[in-house]
file model-v6.cif (mmCIF, C-alpha atoms)
data_protein
#
loop_
_atom_site.group_PDB
_atom_site.id
_atom_site.type_symbol
_atom_site.label_atom_id
_atom_site.label_comp_id
_atom_site.auth_asym_id
_atom_site.auth_seq_id
_atom_site.Cartn_x
_atom_site.Cartn_y
_atom_site.Cartn_z
ATOM 1 C CA MET A 1 0.000 0.000 0.000
ATOM 2 C CA LEU A 2 1.131 3.541 -0.733
ATOM 3 C CA ASN A 3 2.751 5.235 2.258
ATOM 4 C CA LEU A 4 0.158 7.948 2.881
ATOM 5 C CA ASP A 5 2.316 9.834 5.360
ATOM 6 C CA ALA A 6 5.073 10.189 2.738
ATOM 7 C CA LEU A 7 2.802 11.961 0.234
ATOM 8 C CA PRO A 8 3.770 15.589 -0.457
ATOM 9 C CA SER A 9 1.881 18.671 0.668
ATOM 10 C CA PRO A 10 -0.003 20.359 -0.851
ATOM 11 C CA LEU A 11 -1.718 17.449 -2.593
ATOM 12 C CA TRP A 12 -4.833 16.994 -4.736
ATOM 13 C CA VAL A 13 -7.066 13.941 -4.387
ATOM 14 C CA LEU A 14 -8.614 13.556 -7.846
ATOM 15 C CA GLY A 15 -10.889 10.912 -9.331
ATOM 16 C CA THR A 16 -11.679 9.261 -12.632
ATOM 17 C CA GLY A 17 -15.333 10.195 -12.049
ATOM 18 C CA THR A 18 -18.065 10.734 -9.491
ATOM 19 C CA GLY A 19 -18.527 8.093 -6.812
ATOM 20 C CA VAL A 20 -15.045 6.586 -6.935
ATOM 21 C CA GLY A 21 -14.229 7.435 -3.306
ATOM 22 C CA LYS A 22 -12.233 10.677 -3.378
ATOM 23 C CA THR A 23 -13.597 11.725 0.020
ATOM 24 C CA PHE A 24 -12.870 8.291 1.503
ATOM 25 C CA VAL A 25 -9.268 8.559 0.324
ATOM 26 C CA SER A 26 -9.018 12.186 1.477
ATOM 27 C CA SER A 27 -10.157 11.130 4.934
ATOM 28 C CA ARG A 28 -7.560 8.367 5.096
ATOM 29 C CA ILE A 29 -4.751 10.667 4.000
ATOM 30 C CA ALA A 30 -5.840 13.460 6.353
ATOM 31 C CA ARG A 31 -5.957 11.102 9.328
ATOM 32 C CA ALA A 32 -2.555 9.641 8.468
ATOM 33 C CA TRP A 33 -1.083 13.126 8.239
ATOM 34 C CA ALA A 34 -2.786 14.357 11.427
ATOM 35 C CA VAL A 35 -0.773 11.892 13.502
ATOM 36 C CA SER A 36 2.294 14.084 13.018
ATOM 37 C CA GLY A 37 0.769 17.574 12.789
ATOM 38 C CA PRO A 38 -2.126 19.802 11.722
ATOM 39 C CA VAL A 39 -3.877 19.247 8.406
ATOM 40 C CA SER A 40 -5.914 21.695 6.332
ATOM 41 C CA TYR A 41 -8.439 19.951 4.050
ATOM 42 C CA ARG A 42 -9.892 22.159 1.317
ATOM 43 C CA LYS A 43 -12.818 21.401 -1.000
ATOM 44 C CA PRO A 44 -12.938 24.273 -3.518
ATOM 45 C CA PHE A 45 -16.161 23.141 -5.233
ATOM 46 C CA GLN A 46 -18.965 21.274 -3.452
ATOM 47 C CA THR A 47 -22.277 20.570 -5.148
ATOM 48 C CA GLY A 48 -25.435 19.064 -3.718
ATOM 49 C CA VAL A 49 -25.274 20.976 -0.419
ATOM 50 C CA ASP A 50 -26.465 24.378 0.784
ATOM 51 C CA ARG A 51 -24.266 24.959 3.827
ATOM 52 C CA PRO A 52 -20.737 24.015 5.008
ATOM 53 C CA ASP A 53 -21.976 21.802 7.862
ATOM 54 C CA HIS A 54 -24.456 19.867 5.719
ATOM 55 C CA PRO A 55 -24.236 16.155 6.608
ATOM 56 C CA GLU A 56 -23.605 15.338 2.937
ATOM 57 C CA ALA A 57 -20.753 17.851 2.651
ATOM 58 C CA ASP A 58 -17.392 16.207 2.038
ATOM 59 C CA ALA A 59 -15.754 18.502 4.585
ATOM 60 C CA SER A 60 -18.025 17.057 7.275
ATOM 61 C CA ALA A 61 -16.779 13.559 6.456
ATOM 62 C CA VAL A 62 -13.090 14.514 6.571
ATOM 63 C CA ALA A 63 -13.052 16.820 9.615
ATOM 64 C CA GLY A 64 -11.514 15.355 12.741
ATOM 65 C CA SER A 65 -8.894 15.771 15.434
ATOM 66 C CA GLY A 66 -6.117 17.953 14.054
ATOM 67 C CA ILE A 67 -7.918 18.362 10.716
ATOM 68 C CA THR A 68 -9.440 21.688 9.668
ATOM 69 C CA ALA A 69 -11.960 21.036 6.879
ATOM 70 C CA GLU A 70 -13.248 23.855 4.675
ATOM 71 C CA SER A 71 -15.435 24.258 1.595
ATOM 72 C CA HIS A 72 -15.377 27.324 -0.661
ATOM 73 C CA VAL A 73 -18.010 27.290 -3.426
ATOM 74 C CA LEU A 74 -21.263 25.624 -2.310
ATOM 75 C CA LEU A 75 -23.959 24.827 -4.867
ATOM 76 C CA ARG A 76 -27.324 23.282 -4.060
ATOM 77 C CA ALA A 77 -27.943 21.037 -7.078
ATOM 78 C CA PRO A 78 -26.035 17.701 -7.261
ATOM 79 C CA LEU A 79 -24.697 18.526 -10.723
ATOM 80 C CA SER A 80 -21.463 19.741 -12.263
ATOM 81 C CA PRO A 81 -20.378 23.101 -10.811
ATOM 82 C CA LEU A 82 -21.218 24.782 -14.127
ATOM 83 C CA ALA A 83 -24.721 23.286 -14.340
ATOM 84 C CA ALA A 84 -25.437 23.897 -10.651
ATOM 85 C CA ALA A 85 -24.220 27.505 -10.877
ATOM 86 C CA LEU A 86 -26.387 28.148 -13.941
ATOM 87 C CA GLN A 87 -29.437 26.908 -12.015
ATOM 88 C CA GLU A 88 -28.691 29.507 -9.336
ATOM 89 C CA GLY A 89 -27.912 32.280 -11.819
ATOM 90 C CA ARG A 90 -24.294 32.398 -10.685
ATOM 91 C CA ARG A 91 -20.972 32.599 -12.482
ATOM 92 C CA LEU A 92 -18.126 31.126 -10.486
ATOM 93 C CA ASP A 93 -15.063 33.290 -9.786
ATOM 94 C CA LEU A 94 -12.350 30.771 -10.634
ATOM 95 C CA GLU A 95 -9.476 33.166 -9.918
ATOM 96 C CA ALA A 96 -10.778 33.789 -6.398
ATOM 97 C CA THR A 97 -11.168 30.040 -5.872
ATOM 98 C CA ALA A 98 -7.584 29.440 -7.005
ATOM 99 C CA ALA A 99 -6.381 32.088 -4.541
ATOM 100 C CA TRP A 100 -8.428 30.371 -1.811
ATOM 101 C CA CYS A 101 -6.676 27.082 -2.591
ATOM 102 C CA ARG A 102 -3.228 28.713 -2.449
ATOM 103 C CA ARG A 103 -3.677 30.318 0.989
ATOM 104 C CA PRO A 104 -0.931 29.457 3.461
ATOM 105 C CA ALA A 105 -1.859 27.081 6.252
ATOM 106 C CA GLU A 106 -0.398 25.628 9.395
ATOM 107 C CA GLY A 107 0.741 22.105 8.650
ATOM 108 C CA ARG A 108 -0.060 20.105 5.526
ATOM 109 C CA VAL A 109 -2.675 20.966 2.897
ATOM 110 C CA LEU A 110 -4.958 18.441 1.208
ATOM 111 C CA LEU A 111 -7.325 19.444 -1.596
ATOM 112 C CA GLU A 112 -10.149 17.371 -3.050
ATOM 113 C CA GLY A 113 -11.435 17.738 -6.588
ATOM 114 C CA VAL A 114 -15.028 17.553 -7.767
ATOM 115 C CA GLY A 115 -16.386 14.788 -9.992
ATOM 116 C CA GLY A 116 -14.051 13.627 -12.743
ATOM 117 C CA LEU A 117 -11.084 15.481 -14.135
ATOM 118 C CA MET A 118 -12.935 17.309 -16.881
ATOM 119 C CA VAL A 119 -16.113 18.242 -15.060
ATOM 120 C CA PRO A 120 -17.181 21.718 -16.301
ATOM 121 C CA LEU A 121 -16.660 24.643 -13.931
ATOM 122 C CA ALA A 122 -17.511 27.528 -16.248
ATOM 123 C CA PRO A 123 -18.218 27.983 -19.952
ATOM 124 C CA LYS A 124 -15.298 26.398 -21.843
ATOM 125 C CA VAL A 125 -13.367 25.720 -18.595
ATOM 126 C CA HIS A 126 -13.197 22.254 -17.047
ATOM 127 C CA PHE A 127 -11.606 21.296 -13.729
ATOM 128 C CA LEU A 128 -8.352 19.921 -15.139
ATOM 129 C CA ALA A 129 -7.628 23.044 -17.188
ATOM 130 C CA TRP A 130 -8.275 25.236 -14.148
ATOM 131 C CA ALA A 131 -6.362 23.142 -11.607
ATOM 132 C CA THR A 132 -3.279 22.612 -13.781
ATOM 133 C CA ASP A 133 -2.264 26.237 -13.211
ATOM 134 C CA LEU A 134 -2.027 25.613 -9.465
ATOM 135 C CA GLN A 135 0.902 23.198 -10.063
ATOM 136 C CA ILE A 136 0.055 20.849 -7.186
ATOM 137 C CA PRO A 137 0.750 17.085 -7.400
ATOM 138 C CA CYS A 138 -2.035 14.555 -7.049
ATOM 139 C CA VAL A 139 -3.166 11.026 -6.360
ATOM 140 C CA LEU A 140 -5.769 9.566 -8.731
ATOM 141 C CA VAL A 141 -8.635 7.509 -7.288
ATOM 142 C CA ALA A 142 -10.444 4.973 -9.476
ATOM 143 C CA LEU A 143 -12.960 2.157 -9.151
ATOM 144 C CA GLY A 144 -11.708 -1.380 -8.780
ATOM 145 C CA GLY A 145 -13.785 -3.257 -11.323
ATOM 146 C CA LEU A 146 -15.106 -3.373 -14.860
ATOM 147 C CA GLY A 147 -14.384 -0.226 -16.879
ATOM 148 C CA THR A 148 -11.668 1.082 -14.599
ATOM 149 C CA LEU A 149 -8.810 0.266 -16.978
ATOM 150 C CA ASN A 150 -10.095 2.598 -19.689
ATOM 151 C CA HIS A 151 -11.166 5.367 -17.301
ATOM 152 C CA THR A 152 -7.918 5.228 -15.332
ATOM 153 C CA LEU A 153 -5.646 5.203 -18.366
ATOM 154 C CA LEU A 154 -7.529 8.092 -19.979
ATOM 155 C CA SER A 155 -7.415 10.125 -16.754
ATOM 156 C CA ALA A 156 -3.755 9.397 -16.054
ATOM 157 C CA GLU A 157 -2.807 10.291 -19.623
ATOM 158 C CA ALA A 158 -4.755 13.560 -19.428
ATOM 159 C CA LEU A 159 -2.899 14.464 -16.235
ATOM 160 C CA MET A 160 0.538 13.539 -17.507
ATOM 161 C CA LEU A 161 0.078 15.301 -20.846
ATOM 162 C CA ARG A 162 -0.577 18.503 -18.891
ATOM 163 C CA GLY A 163 2.563 18.024 -16.829
ATOM 164 C CA TRP A 164 0.997 16.839 -13.568
ATOM 165 C CA ARG A 165 3.041 14.925 -11.048
ATOM 166 C CA VAL A 166 0.941 11.863 -10.213
ATOM 167 C CA GLU A 167 2.086 10.348 -6.919
ATOM 168 C CA GLY A 168 0.038 7.203 -7.387
ATOM 169 C CA VAL A 169 -3.161 5.576 -8.592
ATOM 170 C CA LEU A 170 -5.465 4.128 -5.940
ATOM 171 C CA LEU A 171 -8.075 1.562 -6.956
ATOM 172 C CA ASN A 172 -11.021 1.578 -4.559
ATOM 173 C CA PRO A 173 -12.914 -1.747 -4.824
ATOM 174 C CA GLY A 174 -15.171 -0.745 -1.938
ATOM 175 C CA ALA A 175 -16.817 1.913 -4.123
ATOM 176 C CA ASP A 176 -18.165 -0.553 -6.699
ATOM 177 C CA GLY A 177 -18.230 -3.835 -4.773
ATOM 178 C CA THR A 178 -15.352 -5.379 -6.689
ATOM 179 C CA SER A 179 -13.542 -8.282 -5.049
ATOM 180 C CA PRO A 180 -9.999 -7.530 -3.887
ATOM 181 C CA GLU A 181 -8.729 -10.221 -6.254
ATOM 182 C CA ALA A 182 -10.371 -8.635 -9.314
ATOM 183 C CA ALA A 183 -9.133 -5.185 -8.285
ATOM 184 C CA GLU A 184 -5.604 -6.534 -7.924
ATOM 185 C CA GLU A 185 -5.818 -8.035 -11.422
ATOM 186 C CA ASN A 186 -6.763 -4.612 -12.785
ATOM 187 C CA ALA A 187 -3.964 -2.993 -10.791
ATOM 188 C CA SER A 188 -1.494 -5.449 -12.283
ATOM 189 C CA VAL A 189 -2.599 -4.525 -15.811
ATOM 190 C CA LEU A 190 -2.355 -0.797 -15.047
ATOM 191 C CA ARG A 191 1.180 -1.206 -13.709
ATOM 192 C CA GLY A 192 2.173 -2.392 -17.164
ATOM 193 C CA PHE A 193 0.941 0.864 -18.708
ATOM 194 C CA LEU A 194 1.619 3.575 -16.132
ATOM 195 C CA PRO A 195 4.953 4.984 -14.874
ATOM 196 C CA VAL A 196 3.492 5.615 -11.395
ATOM 197 C CA PRO A 197 2.678 3.351 -8.419
ATOM 198 C CA VAL A 198 -0.727 1.610 -8.583
ATOM 199 C CA HIS A 199 -2.251 0.316 -5.340
ATOM 200 C CA VAL A 200 -5.501 -1.354 -4.274
ATOM 201 C CA LEU A 201 -7.175 0.151 -1.210
ATOM 202 C CA ASN A 202 -8.243 -2.184 1.558
#
call {"tool": "encode", "arguments": {"input": "model-v6.cif", "output": "structure tokens"}}
result
Amino acid sequence: MLNLDALPSPLWVLGTGTGVGKTFVSSRIARAWAVSGPVSYRKPFQTGVDRPDHPEADASAVAGSGITAESHVLLRAPLSPLAAALQEGRRLDLEATAAWCRRPAEGRVLLEGVGGLMVPLAPKVHFLAWATDLQIPCVLVALGGLGTLNHTLLSAEALMLRGWRVEGVLLNPGADGTSPEAAEENASVLRGFLPVPVHVLN
């Protein structure tokens, strides 16, 4: 398993799509880091909630002892940030959100993406294009089972072509009910294609 405590800060937790377990992985990394010092978890875009302390907010799931969890842009509809903002008649200030992500913090900084890599944030701007300018390394979270090879390879290639440093790929069989054995088979295939560590979460 990837040594979570050795991961660099700041760090993005990104996913191949919605529902792959980014928040689960963020929580595990944050708790591993919090053993040795304070952690600042930041969720720049959160959809499907109307307040920071909403029980469905990702920050609520990650917050804990030694972990400060914050959300920036909150949008009520469980849609892409662009679609949810349009429903509310809003246009997201992406420069202000980038500045919010860059703020200094005590201890280590962990950021969590929203949806998949190319989820739309604004007209003609998807997440990956926006986040690349921040120049922060990442881990990529993916499902464990059927379809994950294609989605993971496409996502990893998109990241690497834009110059991202990918610290590792984490297959999360718990998100789609895949057996550990099947997930490990997929991980083995991915290791033959990717120049980064590939691990199966347990």
call {"tool": "resolve_selection", "arguments": {"input": "model-v6.cif", "expression": "the PyMOL selection byres ((chain A and resi 158-171) around 7)", "output": "list in words"}}
result
Pro137, Cys138, Val139, Leu140, Val141, Ala142, Leu143, Gly144, Leu154, Ser155, Ala156, Glu157, Asn172, Pro173, Ala183, Val196, Pro197, Val198, His199, Val200 and Leu201 of chain A
call {"tool": "residues_near_point", "arguments": {"input": "model-v6.cif", "point": "(-19.8, 24.5, 4.9)", "cutoff": "12 Å", "atoms": "all atoms listed in the file", "output": "PDB file with C-alpha atoms, in the coordinates of the input"}}
result
ATOM      1  CA  ARG A  42      -9.892  22.159   1.317  1.00  0.00           C
ATOM      2  CA  LYS A  43     -12.818  21.401  -1.000  1.00  0.00           C
ATOM      3  CA  PRO A  44     -12.938  24.273  -3.518  1.00  0.00           C
ATOM      4  CA  PHE A  45     -16.161  23.141  -5.233  1.00  0.00           C
ATOM      5  CA  GLN A  46     -18.965  21.274  -3.452  1.00  0.00           C
ATOM      6  CA  THR A  47     -22.277  20.570  -5.148  1.00  0.00           C
ATOM      7  CA  GLY A  48     -25.435  19.064  -3.718  1.00  0.00           C
ATOM      8  CA  VAL A  49     -25.274  20.976  -0.419  1.00  0.00           C
ATOM      9  CA  ASP A  50     -26.465  24.378   0.784  1.00  0.00           C
ATOM     10  CA  ARG A  51     -24.266  24.959   3.827  1.00  0.00           C
ATOM     11  CA  PRO A  52     -20.737  24.015   5.008  1.00  0.00           C
ATOM     12  CA  ASP A  53     -21.976  21.802   7.862  1.00  0.00           C
ATOM     13  CA  HIS A  54     -24.456  19.867   5.719  1.00  0.00           C
ATOM     14  CA  PRO A  55     -24.236  16.155   6.608  1.00  0.00           C
ATOM     15  CA  GLU A  56     -23.605  15.338   2.937  1.00  0.00           C
ATOM     16  CA  ALA A  57     -20.753  17.851   2.651  1.00  0.00           C
ATOM     17  CA  ASP A  58     -17.392  16.207   2.038  1.00  0.00           C
ATOM     18  CA  ALA A  59     -15.754  18.502   4.585  1.00  0.00           C
ATOM     19  CA  SER A  60     -18.025  17.057   7.275  1.00  0.00           C
ATOM     20  CA  ALA A  61     -16.779  13.559   6.456  1.00  0.00           C
ATOM     21  CA  ALA A  63     -13.052  16.820   9.615  1.00  0.00           C
ATOM     22  CA  THR A  68      -9.440  21.688   9.668  1.00  0.00           C
ATOM     23  CA  ALA A  69     -11.960  21.036   6.879  1.00  0.00           C
ATOM     24  CA  GLU A  70     -13.248  23.855   4.675  1.00  0.00           C
ATOM     25  CA  SER A  71     -15.435  24.258   1.595  1.00  0.00           C
ATOM     26  CA  HIS A  72     -15.377  27.324  -0.661  1.00  0.00           C
ATOM     27  CA  VAL A  73     -18.010  27.290  -3.426  1.00  0.00           C
ATOM     28  CA  LEU A  74     -21.263  25.624  -2.310  1.00  0.00           C
ATOM     29  CA  LEU A  75     -23.959  24.827  -4.867  1.00  0.00           C
ATOM     30  CA  ARG A  76     -27.324  23.282  -4.060  1.00  0.00           C
TER      31      ARG A  76
END
call {"tool": "closest_residue", "arguments": {"input": "model-v6.cif", "among": "A:Ala187, A:Val20, A:Gly192, A:Ala105", "to": "Met1 (chain A)", "atoms": "all atoms listed in the file"}}
result
A:Ala187
call {"tool": "resolve_selection", "arguments": {"input": "model-v6.cif", "expression": "the PyMOL selection byres ((chain A and resi 30) around 8)", "output": "list in words"}}
result
Ser26, Ser27, Arg28, Ile29, Arg31, Ala32, Trp33, Ala34, Val39, Tyr41, Val62, Ile67 and Leu110 of chain A
call {"tool": "write_last_selection", "arguments": {"input": "model-v6.cif", "atoms": "C-alpha atoms", "output": "mmCIF file, in the frame of the given file"}}
result
data_model
loop_
_atom_site.group_PDB
_atom_site.id
_atom_site.type_symbol
_atom_site.label_atom_id
_atom_site.label_comp_id
_atom_site.auth_asym_id
_atom_site.auth_seq_id
_atom_site.Cartn_x
_atom_site.Cartn_y
_atom_site.Cartn_z
ATOM 1 C CA SER A 26 -9.018 12.186 1.477
ATOM 2 C CA SER A 27 -10.157 11.130 4.934
ATOM 3 C CA ARG A 28 -7.560 8.367 5.096
ATOM 4 C CA ILE A 29 -4.751 10.667 4.000
ATOM 5 C CA ARG A 31 -5.957 11.102 9.328
ATOM 6 C CA ALA A 32 -2.555 9.641 8.468
ATOM 7 C CA TRP A 33 -1.083 13.126 8.239
ATOM 8 C CA ALA A 34 -2.786 14.357 11.427
ATOM 9 C CA VAL A 39 -3.877 19.247 8.406
ATOM 10 C CA TYR A 41 -8.439 19.951 4.050
ATOM 11 C CA VAL A 62 -13.090 14.514 6.571
ATOM 12 C CA ILE A 67 -7.918 18.362 10.716
ATOM 13 C CA LEU A 110 -4.958 18.441 1.208
#
call {"tool": "closest_residue", "arguments": {"input": "model-v6.cif", "among": "A:Glu185, A:Ala96, A:Leu111, A:Leu11", "to": "Thr148 (chain A)", "atoms": "all atoms listed in the file"}}
result
A:Glu185
call {"tool": "resolve_selection", "arguments": {"input": "model-v6.cif", "expression": "the PyMOL selection byres ((chain A and resi 108) around 6)", "output": "PyMOL selection string"}}
result
chain A and resi 9+39+107+109
call {"tool": "atom_distance", "arguments": {"input": "model-v6.cif", "atom1": "CA of Leu153 (chain A)", "atom2": "CA of Pro8 (chain A)"}}
result
22.7 Å
call {"tool": "atom_distance", "arguments": {"input": "model-v6.cif", "atom1": "CA of Leu121 (chain A)", "atom2": "CA of Pro81 (chain A)"}}
result
5.1 Å
call {"tool": "atom_distance", "arguments": {"input": "model-v6.cif", "atom1": "CA of Leu134 (chain A)", "atom2": "CA of Gly64 (chain A)"}}
result
26.2 Å
call {"tool": "decode", "arguments": {"input": "model-v6.cif", "residues": "region 109-126 of chain A", "atoms": "N, CA and C atoms", "output": "short mmCIF file (atom, residue, chain, number, x, y, z; two decimals), in the first residue's frame"}}
result
data_model
loop_
_atom_site.label_atom_id
_atom_site.label_comp_id
_atom_site.auth_asym_id
_atom_site.auth_seq_id
_atom_site.Cartn_x
_atom_site.Cartn_y
_atom_site.Cartn_z
N VAL A 109 -1.46 20.56 3.61
CA VAL A 109 -2.67 20.97 2.90
C VAL A 109 -3.10 19.85 1.94
N LEU A 110 -4.37 19.47 2.05
CA LEU A 110 -4.96 18.44 1.21
C LEU A 110 -6.17 19.03 0.51
N LEU A 111 -6.20 18.91 -0.83
CA LEU A 111 -7.32 19.44 -1.60
C LEU A 111 -8.04 18.30 -2.30
N GLU A 112 -9.36 18.40 -2.37
CA GLU A 112 -10.15 17.37 -3.05
C GLU A 112 -10.87 17.97 -4.25
N GLY A 113 -10.77 17.29 -5.38
CA GLY A 113 -11.44 17.74 -6.59
C GLY A 113 -12.93 17.49 -6.54
N VAL A 114 -13.58 17.72 -7.67
CA VAL A 114 -15.03 17.55 -7.77
C VAL A 114 -15.33 16.72 -9.00
N GLY A 115 -16.06 15.63 -8.85
CA GLY A 115 -16.39 14.79 -9.99
C GLY A 115 -15.14 14.22 -10.65
N GLY A 116 -15.20 14.09 -11.99
CA GLY A 116 -14.05 13.63 -12.74
C GLY A 116 -13.17 14.78 -13.16
N LEU A 117 -12.09 14.47 -13.83
CA LEU A 117 -11.08 15.48 -14.14
C LEU A 117 -11.60 16.60 -15.02
N MET A 118 -12.50 16.29 -15.92
CA MET A 118 -12.94 17.31 -16.88
C MET A 118 -14.36 17.78 -16.63
N VAL A 119 -14.80 17.72 -15.39
CA VAL A 119 -16.11 18.24 -15.06
C VAL A 119 -16.12 19.76 -15.32
N PRO A 120 -17.15 20.28 -15.98
CA PRO A 120 -17.18 21.72 -16.30
C PRO A 120 -17.37 22.59 -15.06
N LEU A 121 -16.56 23.66 -15.00
CA LEU A 121 -16.66 24.64 -13.93
C LEU A 121 -17.31 25.93 -14.42
N ALA A 122 -17.02 26.28 -15.65
CA ALA A 122 -17.51 27.53 -16.25
C ALA A 122 -17.56 27.29 -17.76
N PRO A 123 -18.20 28.17 -18.50
CA PRO A 123 -18.22 27.98 -19.95
C PRO A 123 -16.80 27.82 -20.52
N LYS A 124 -16.58 26.71 -21.19
CA LYS A 124 -15.30 26.40 -21.84
C LYS A 124 -14.14 26.19 -20.87
N VAL A 125 -14.43 25.98 -19.58
CA VAL A 125 -13.37 25.72 -18.60
C VAL A 125 -13.76 24.49 -17.78
N HIS A 126 -12.95 23.42 -17.89
CA HIS A 126 -13.20 22.25 -17.05
C HIS A 126 -12.19 22.23 -15.89
#
